[in-house]
Amino acid sequence: MVDPRTTPAPWYIAEEERENRKTAYNQSWSRLLDELNRRLQAGSTLEDLVKANQDDQQKYAGFIPATLTAAIPQLELGEFGGQKPPYRLAVVNGSYTSVPRLPGLDILVRTVAALVDSEVDCVVELGSGPGYNLGELFLALPPEQNRPALIACEPSEQGRKLTEQLFSTAPGAEISTRFFDYYEPDLSFLAAFKKVVVFTSHSIEQIPILGPGLYESLLAAPVYACVHQEPIGWQRYTNLAASVRKLHDDEHAWNAFRSSFIYSIQPGRETENAAAWAAGCIYNTDLLPVLAHASDQGRINITALAYDFASINPFNPSTLVSWTRA
């Protein structure tokens, strides 16, 4: 497998590009932090805040939100043309569909919560962003059960601040935040725990080449189970994976592709469009092979795999992978 620590950086992994991504997320989380503080001043509880975030995810913003269509040079809606509110485009179980409400957005937390038995003493989210997944998880765990320590590992300062503010309404939660960098994945702090569950949600997507480093760290730590909700379903098709990697290696070809690719909304184009989105956004290309390698080595047992099961962004659908240590 390619190790990004020893491989010459392509044009898109330049240090300034990594910093630009971090700056963009700091700005996004800063805006969310302002809104969160207004809700806190109005007396919102953690349950209120989590519910408000879930409602925000479900807000209708057009059949395809303008924030997405603005990034698409050419779009053909085909049979989906003329859809009226509140219907929006979604990918559900691998297929395009028109729905009034996005299904499947609770599967990640339900899957993680099912892994938290009485012996699990720590749950970690890598790339935790604003912390709402951990907030939802805290509320989902039975109050009579000894709740584990929660650790939000997040590269952006504003994301960590937002998580701390979010949990300020839950004095019973044992929550801490830590800086984390996928390019230098230090998980040595997990040595203080005995049985750890780790999860990610659309954070590895931001790392074009993950390489073996993260899994070396995970399997060196007392990690009992892991759940990934990441847009990697298209990676199972070797032709698409090779095409995306080739575009990521050639800035001129990448620019030409981004201006010419046609997103056609018709059956059978779901994975091709998802690969195009990953290519254009310079998203991850190797998490699925990394998982397959760890499984083939007999180091993990994959217990759940659902390709392209749901989507907030229909061009970037989530795949769920869950494993336990072999």
# chains A, B, ... in the order shown; residues from 1 in each chain; ligands from 1
>>> residues_around(residues="segment 11-20 of chain A", least_positions_apart="2", cutoff="12 Å", atoms="only C-alpha atoms", output="ChimeraX atom specification")
/A:4-5,7-9,22-27,155-156,181-183,206-210,245,247-252,254,279-284
>>> residues_around(residues="Ala276 of chain A", least_positions_apart="2", cutoff="12 Å", atoms="only C-alpha atoms", output="PyMOL selection string")
chain A and resi 71-73+231+234-235+240-245+247-248+254+257-264+269-274+278-283+285+315-316
>>> atom_distance(atom1="atom CA of Glu125 of chain A", atom2="atom CA of Ser201 of chain A")
8.1 Å
>>> closest_residue(among="A:Leu187, A:Leu166, A:Leu77, A:Leu126", to="Glu205 of chain A", atoms="only C-alpha atoms")
A:Leu126
>>> atom_distance(atom1="atom CA of Gly159 of chain A", atom2="atom CA of Ser118 of chain A")
29.1 Å
>>> residues_around(residues="segment 212-228 of chain A", least_positions_apart="2", cutoff="9 Å", atoms="only C-alpha atoms", output="VMD selection string")
chain A and resid 1 to 5 108 111 to 112 115 120 182 to 191 193 to 202 204 210 230 290 to 291 294 299 to 300 304 319 to 326
>>> residues_around(residues="Phe167 of chain A", least_positions_apart="3", cutoff="10 Å", atoms="only C-alpha atoms", output="list in words")
Thr45, Leu46, Leu49, Gly131, Tyr132, Leu134, Gly135, Phe138, Leu162, Thr163, Glu164, Ala170, Pro171, Gly172, Ala173, Glu174, Ile175 and Ser176 of chain A
>>> write_last_selection(atoms="all heavy atoms", output="CSV table (one decimal), in the first residue's frame")
chain,number,residue,atom,x,y,z
A,45,THR,N,-31.0,22.4,25.7
A,45,THR,CA,-30.3,21.3,26.3
A,45,THR,C,-29.6,20.6,25.2
A,45,THR,O,-29.8,20.8,24.0
A,45,THR,CB,-31.3,20.3,27.0
A,45,THR,OG1,-32.2,19.8,25.9
A,45,THR,CG2,-32.2,21.0,28.0
A,46,LEU,N,-28.8,19.6,25.6
A,46,LEU,CA,-28.1,18.8,24.6
A,46,LEU,C,-29.1,18.1,23.7
A,46,LEU,O,-28.9,18.0,22.5
A,46,LEU,CB,-27.2,17.7,25.3
A,46,LEU,CG,-26.5,16.7,24.4
A,46,LEU,CD1,-25.5,17.5,23.5
A,46,LEU,CD2,-25.7,15.7,25.2
A,49,LEU,N,-30.3,20.6,21.2
A,49,LEU,CA,-29.3,20.9,20.2
A,49,LEU,C,-29.1,19.8,19.2
A,49,LEU,O,-28.9,20.1,18.0
A,49,LEU,CB,-28.0,21.2,20.9
A,49,LEU,CG,-28.0,22.4,21.8
A,49,LEU,CD1,-26.7,22.5,22.7
A,49,LEU,CD2,-28.1,23.7,21.0
A,131,GLY,N,-19.0,17.7,16.7
A,131,GLY,CA,-19.3,16.9,17.9
A,131,GLY,C,-20.7,16.4,17.9
A,131,GLY,O,-21.1,15.7,18.9
A,132,TYR,N,-21.6,16.7,17.0
A,132,TYR,CA,-23.0,16.3,17.1
A,132,TYR,C,-23.2,14.7,17.0
A,132,TYR,O,-24.1,14.2,17.7
A,132,TYR,CB,-23.8,16.9,15.9
A,132,TYR,CG,-24.1,18.3,16.2
A,132,TYR,CD1,-23.5,19.4,15.6
A,132,TYR,CD2,-25.1,18.7,17.2
A,132,TYR,CE1,-23.8,20.7,15.8
A,132,TYR,CE2,-25.4,20.0,17.4
A,132,TYR,CZ,-24.7,21.0,16.8
A,132,TYR,OH,-25.0,22.3,17.1
A,134,LEU,N,-21.2,12.6,18.5
A,134,LEU,CA,-20.9,12.1,19.8
A,134,LEU,C,-22.1,12.5,20.8
A,134,LEU,O,-22.4,11.8,21.7
A,134,LEU,CB,-19.6,12.7,20.3
A,134,LEU,CG,-18.4,12.1,19.7
A,134,LEU,CD1,-17.1,12.9,20.0
A,134,LEU,CD2,-18.2,10.6,20.2
A,135,GLY,N,-22.7,13.7,20.5
A,135,GLY,CA,-23.8,14.1,21.3
A,135,GLY,C,-25.0,13.2,21.1
A,135,GLY,O,-25.7,12.8,22.1
A,138,PHE,N,-24.2,9.9,22.9
A,138,PHE,CA,-24.4,10.0,24.3
A,138,PHE,C,-25.8,9.9,24.7
A,138,PHE,O,-26.2,9.2,25.7
A,138,PHE,CB,-23.8,11.4,24.8
A,138,PHE,CG,-24.0,11.6,26.3
A,138,PHE,CD1,-23.2,11.0,27.2
A,138,PHE,CD2,-25.1,12.4,26.8
A,138,PHE,CE1,-23.4,11.2,28.6
A,138,PHE,CE2,-25.2,12.7,28.1
A,138,PHE,CZ,-24.4,12.1,29.0
A,162,LEU,N,-16.5,23.9,19.5
A,162,LEU,CA,-17.9,23.7,19.3
A,162,LEU,C,-18.4,22.4,20.1
A,162,LEU,O,-19.4,22.4,20.8
A,162,LEU,CB,-18.2,23.5,17.8
A,162,LEU,CG,-19.6,23.9,17.3
A,162,LEU,CD1,-19.6,24.2,15.8
A,162,LEU,CD2,-20.7,22.9,17.6
A,163,THR,N,-17.6,21.4,20.1
A,163,THR,CA,-17.9,20.2,20.8
A,163,THR,C,-17.9,20.4,22.3
A,163,THR,O,-18.8,20.0,23.0
A,163,THR,CB,-16.8,19.1,20.5
A,163,THR,OG1,-16.8,18.8,19.1
A,163,THR,CG2,-17.1,17.8,21.3
A,164,GLU,N,-17.0,21.2,22.8
A,164,GLU,CA,-16.9,21.5,24.2
A,164,GLU,C,-18.2,22.3,24.6
A,164,GLU,O,-18.8,22.1,25.7
A,164,GLU,CB,-15.6,22.3,24.6
A,164,GLU,CG,-14.4,21.4,24.5
A,164,GLU,CD,-13.1,22.2,24.4
A,164,GLU,OE1,-13.2,23.5,24.4
A,164,GLU,OE2,-12.0,21.6,24.3
A,170,ALA,N,-24.4,19.0,29.2
A,170,ALA,CA,-24.5,17.6,29.7
A,170,ALA,C,-23.4,17.3,30.7
A,170,ALA,O,-22.4,16.7,30.4
A,170,ALA,CB,-24.3,16.6,28.5
A,171,PRO,N,-23.6,17.8,32.0
A,171,PRO,CA,-22.6,17.6,33.0
A,171,PRO,C,-22.2,16.2,33.3
A,171,PRO,O,-21.2,15.9,33.9
A,171,PRO,CB,-23.2,18.3,34.2
A,171,PRO,CG,-24.7,18.4,33.9
A,171,PRO,CD,-24.8,18.5,32.5
A,172,GLY,N,-23.1,15.2,33.0
A,172,GLY,CA,-22.9,13.8,33.2
A,172,GLY,C,-22.0,13.2,32.2
A,172,GLY,O,-21.6,12.0,32.4
A,173,ALA,N,-21.6,13.9,31.1
A,173,ALA,CA,-20.8,13.3,30.1
A,173,ALA,C,-19.3,13.4,30.4
A,173,ALA,O,-18.9,14.5,30.8
A,173,ALA,CB,-21.2,13.9,28.7
A,174,GLU,N,-18.6,12.4,30.2
A,174,GLU,CA,-17.1,12.4,30.3
A,174,GLU,C,-16.6,12.7,28.9
A,174,GLU,O,-16.4,11.7,28.2
A,174,GLU,CB,-16.6,11.2,30.9
A,174,GLU,CG,-15.1,11.2,31.2
A,174,GLU,CD,-14.5,9.9,31.7
A,174,GLU,OE1,-15.3,9.1,32.2
A,174,GLU,OE2,-13.2,9.8,31.6
A,175,ILE,N,-16.4,13.9,28.5
A,175,ILE,CA,-16.0,14.3,27.2
A,175,ILE,C,-14.7,15.0,27.2
A,175,ILE,O,-14.5,15.9,28.0
A,175,ILE,CB,-17.1,15.1,26.5
A,175,ILE,CG1,-16.8,15.5,25.0
A,175,ILE,CG2,-17.5,16.3,27.3
A,175,ILE,CD1,-16.9,14.4,24.0
A,176,SER,N,-13.9,14.7,26.2
A,176,SER,CA,-12.6,15.5,26.1
A,176,SER,C,-12.4,15.6,24.6
A,176,SER,O,-12.9,14.9,23.7
A,176,SER,CB,-11.4,14.8,26.7
A,176,SER,OG,-11.2,13.5,26.2
>>> select_by_dssp(residues="segment 51-249 of chain A", states="alpha helix (DSSP H)", output="PyMOL selection string")
chain A and resi 51-58+66-69+107-115+132-140+157-166+213-220+238-248
>>> select_by_dssp(residues="segment 189-249 of chain A", states="strand (DSSP E)", output="ChimeraX atom specification")
/A:196-201,223-230
>>> decode(residues="segment 15-33 of chain A", atoms="N, CA, C and O atoms", output="PDB file, in the first residue's frame")
ATOM      1  N   GLU A  15       1.359  21.202   1.545  1.00  0.00           N
ATOM      2  CA  GLU A  15       1.029  21.621   2.906  1.00  0.00           C
ATOM      3  C   GLU A  15       0.035  22.767   2.927  1.00  0.00           C
ATOM      4  O   GLU A  15      -0.874  22.805   3.758  1.00  0.00           O
ATOM      5  N   GLU A  16       0.164  23.683   1.966  1.00  0.00           N
ATOM      6  CA  GLU A  16      -0.765  24.814   1.961  1.00  0.00           C
ATOM      7  C   GLU A  16      -2.194  24.366   1.661  1.00  0.00           C
ATOM      8  O   GLU A  16      -3.155  24.954   2.176  1.00  0.00           O
ATOM      9  N   GLU A  17      -2.355  23.302   0.843  1.00  0.00           N
ATOM     10  CA  GLU A  17      -3.694  22.806   0.562  1.00  0.00           C
ATOM     11  C   GLU A  17      -4.309  22.186   1.804  1.00  0.00           C
ATOM     12  O   GLU A  17      -5.491  22.376   2.103  1.00  0.00           O
ATOM     13  N   ARG A  18      -3.509  21.454   2.565  1.00  0.00           N
ATOM     14  CA  ARG A  18      -4.003  20.878   3.823  1.00  0.00           C
ATOM     15  C   ARG A  18      -4.423  21.983   4.776  1.00  0.00           C
ATOM     16  O   ARG A  18      -5.462  21.891   5.440  1.00  0.00           O
ATOM     17  N   GLU A  19      -3.630  23.029   4.844  1.00  0.00           N
ATOM     18  CA  GLU A  19      -3.969  24.151   5.719  1.00  0.00           C
ATOM     19  C   GLU A  19      -5.214  24.876   5.222  1.00  0.00           C
ATOM     20  O   GLU A  19      -6.027  25.351   6.024  1.00  0.00           O
ATOM     21  N   ASN A  20      -5.381  24.961   3.899  1.00  0.00           N
ATOM     22  CA  ASN A  20      -6.582  25.605   3.352  1.00  0.00           C
ATOM     23  C   ASN A  20      -7.842  24.838   3.770  1.00  0.00           C
ATOM     24  O   ASN A  20      -8.869  25.441   4.095  1.00  0.00           O
ATOM     25  N   ARG A  21      -7.771  23.507   3.754  1.00  0.00           N
ATOM     26  CA  ARG A  21      -8.935  22.717   4.178  1.00  0.00           C
ATOM     27  C   ARG A  21      -9.235  22.959   5.646  1.00  0.00           C
ATOM     28  O   ARG A  21     -10.393  23.118   6.023  1.00  0.00           O
ATOM     29  N   LYS A  22      -8.190  22.986   6.443  1.00  0.00           N
ATOM     30  CA  LYS A  22      -8.398  23.213   7.875  1.00  0.00           C
ATOM     31  C   LYS A  22      -8.993  24.606   8.107  1.00  0.00           C
ATOM     32  O   LYS A  22      -9.905  24.773   8.925  1.00  0.00           O
ATOM     33  N   THR A  23      -8.509  25.598   7.372  1.00  0.00           N
ATOM     34  CA  THR A  23      -9.046  26.955   7.503  1.00  0.00           C
ATOM     35  C   THR A  23     -10.518  26.996   7.117  1.00  0.00           C
ATOM     36  O   THR A  23     -11.337  27.633   7.795  1.00  0.00           O
ATOM     37  N   ALA A  24     -10.873  26.310   6.041  1.00  0.00           N
ATOM     38  CA  ALA A  24     -12.270  26.299   5.593  1.00  0.00           C
ATOM     39  C   ALA A  24     -13.171  25.681   6.652  1.00  0.00           C
ATOM     40  O   ALA A  24     -14.272  26.183   6.922  1.00  0.00           O
ATOM     41  N   TYR A  25     -12.713  24.599   7.276  1.00  0.00           N
ATOM     42  CA  TYR A  25     -13.537  23.976   8.316  1.00  0.00           C
ATOM     43  C   TYR A  25     -13.597  24.844   9.564  1.00  0.00           C
ATOM     44  O   TYR A  25     -14.648  24.932  10.219  1.00  0.00           O
ATOM     45  N   ASN A  26     -12.507  25.494   9.904  1.00  0.00           N
ATOM     46  CA  ASN A  26     -12.555  26.409  11.043  1.00  0.00           C
ATOM     47  C   ASN A  26     -13.598  27.501  10.820  1.00  0.00           C
ATOM     48  O   ASN A  26     -14.331  27.880  11.736  1.00  0.00           O
ATOM     49  N   GLN A  27     -13.667  27.996   9.592  1.00  0.00           N
ATOM     50  CA  GLN A  27     -14.660  29.029   9.282  1.00  0.00           C
ATOM     51  C   GLN A  27     -16.078  28.472   9.374  1.00  0.00           C
ATOM     52  O   GLN A  27     -16.975  29.124   9.919  1.00  0.00           O
ATOM     53  N   SER A  28     -16.295  27.266   8.849  1.00  0.00           N
ATOM     54  CA  SER A  28     -17.624  26.656   8.909  1.00  0.00           C
ATOM     55  C   SER A  28     -18.045  26.406  10.348  1.00  0.00           C
ATOM     56  O   SER A  28     -19.177  26.726  10.753  1.00  0.00           O
ATOM     57  N   TRP A  29     -17.147  25.835  11.128  1.00  0.00           N
ATOM     58  CA  TRP A  29     -17.505  25.521  12.525  1.00  0.00           C
ATOM     59  C   TRP A  29     -17.653  26.796  13.349  1.00  0.00           C
ATOM     60  O   TRP A  29     -18.429  26.824  14.301  1.00  0.00           O
ATOM     61  N   SER A  30     -16.938  27.840  12.972  1.00  0.00           N
ATOM     62  CA  SER A  30     -17.084  29.107  13.690  1.00  0.00           C
ATOM     63  C   SER A  30     -18.497  29.659  13.532  1.00  0.00           C
ATOM     64  O   SER A  30     -19.104  30.165  14.493  1.00  0.00           O
ATOM     65  N   ARG A  31     -19.045  29.542  12.309  1.00  0.00           N
ATOM     66  CA  ARG A  31     -20.422  29.999  12.091  1.00  0.00           C
ATOM     67  C   ARG A  31     -21.401  29.146  12.893  1.00  0.00           C
ATOM     68  O   ARG A  31     -22.360  29.673  13.482  1.00  0.00           O
ATOM     69  N   LEU A  32     -21.172  27.842  12.930  1.00  0.00           N
ATOM     70  CA  LEU A  32     -22.034  26.967  13.729  1.00  0.00           C
ATOM     71  C   LEU A  32     -21.911  27.273  15.212  1.00  0.00           C
ATOM     72  O   LEU A  32     -22.891  27.181  15.956  1.00  0.00           O
ATOM     73  N   LEU A  33     -20.710  27.632  15.640  1.00  0.00           N
ATOM     74  CA  LEU A  33     -20.494  27.949  17.053  1.00  0.00           C
ATOM     75  C   LEU A  33     -21.292  29.173  17.465  1.00  0.00           C
ATOM     76  O   LEU A  33     -21.879  29.207  18.555  1.00  0.00           O
TER      77      LEU A  33
END
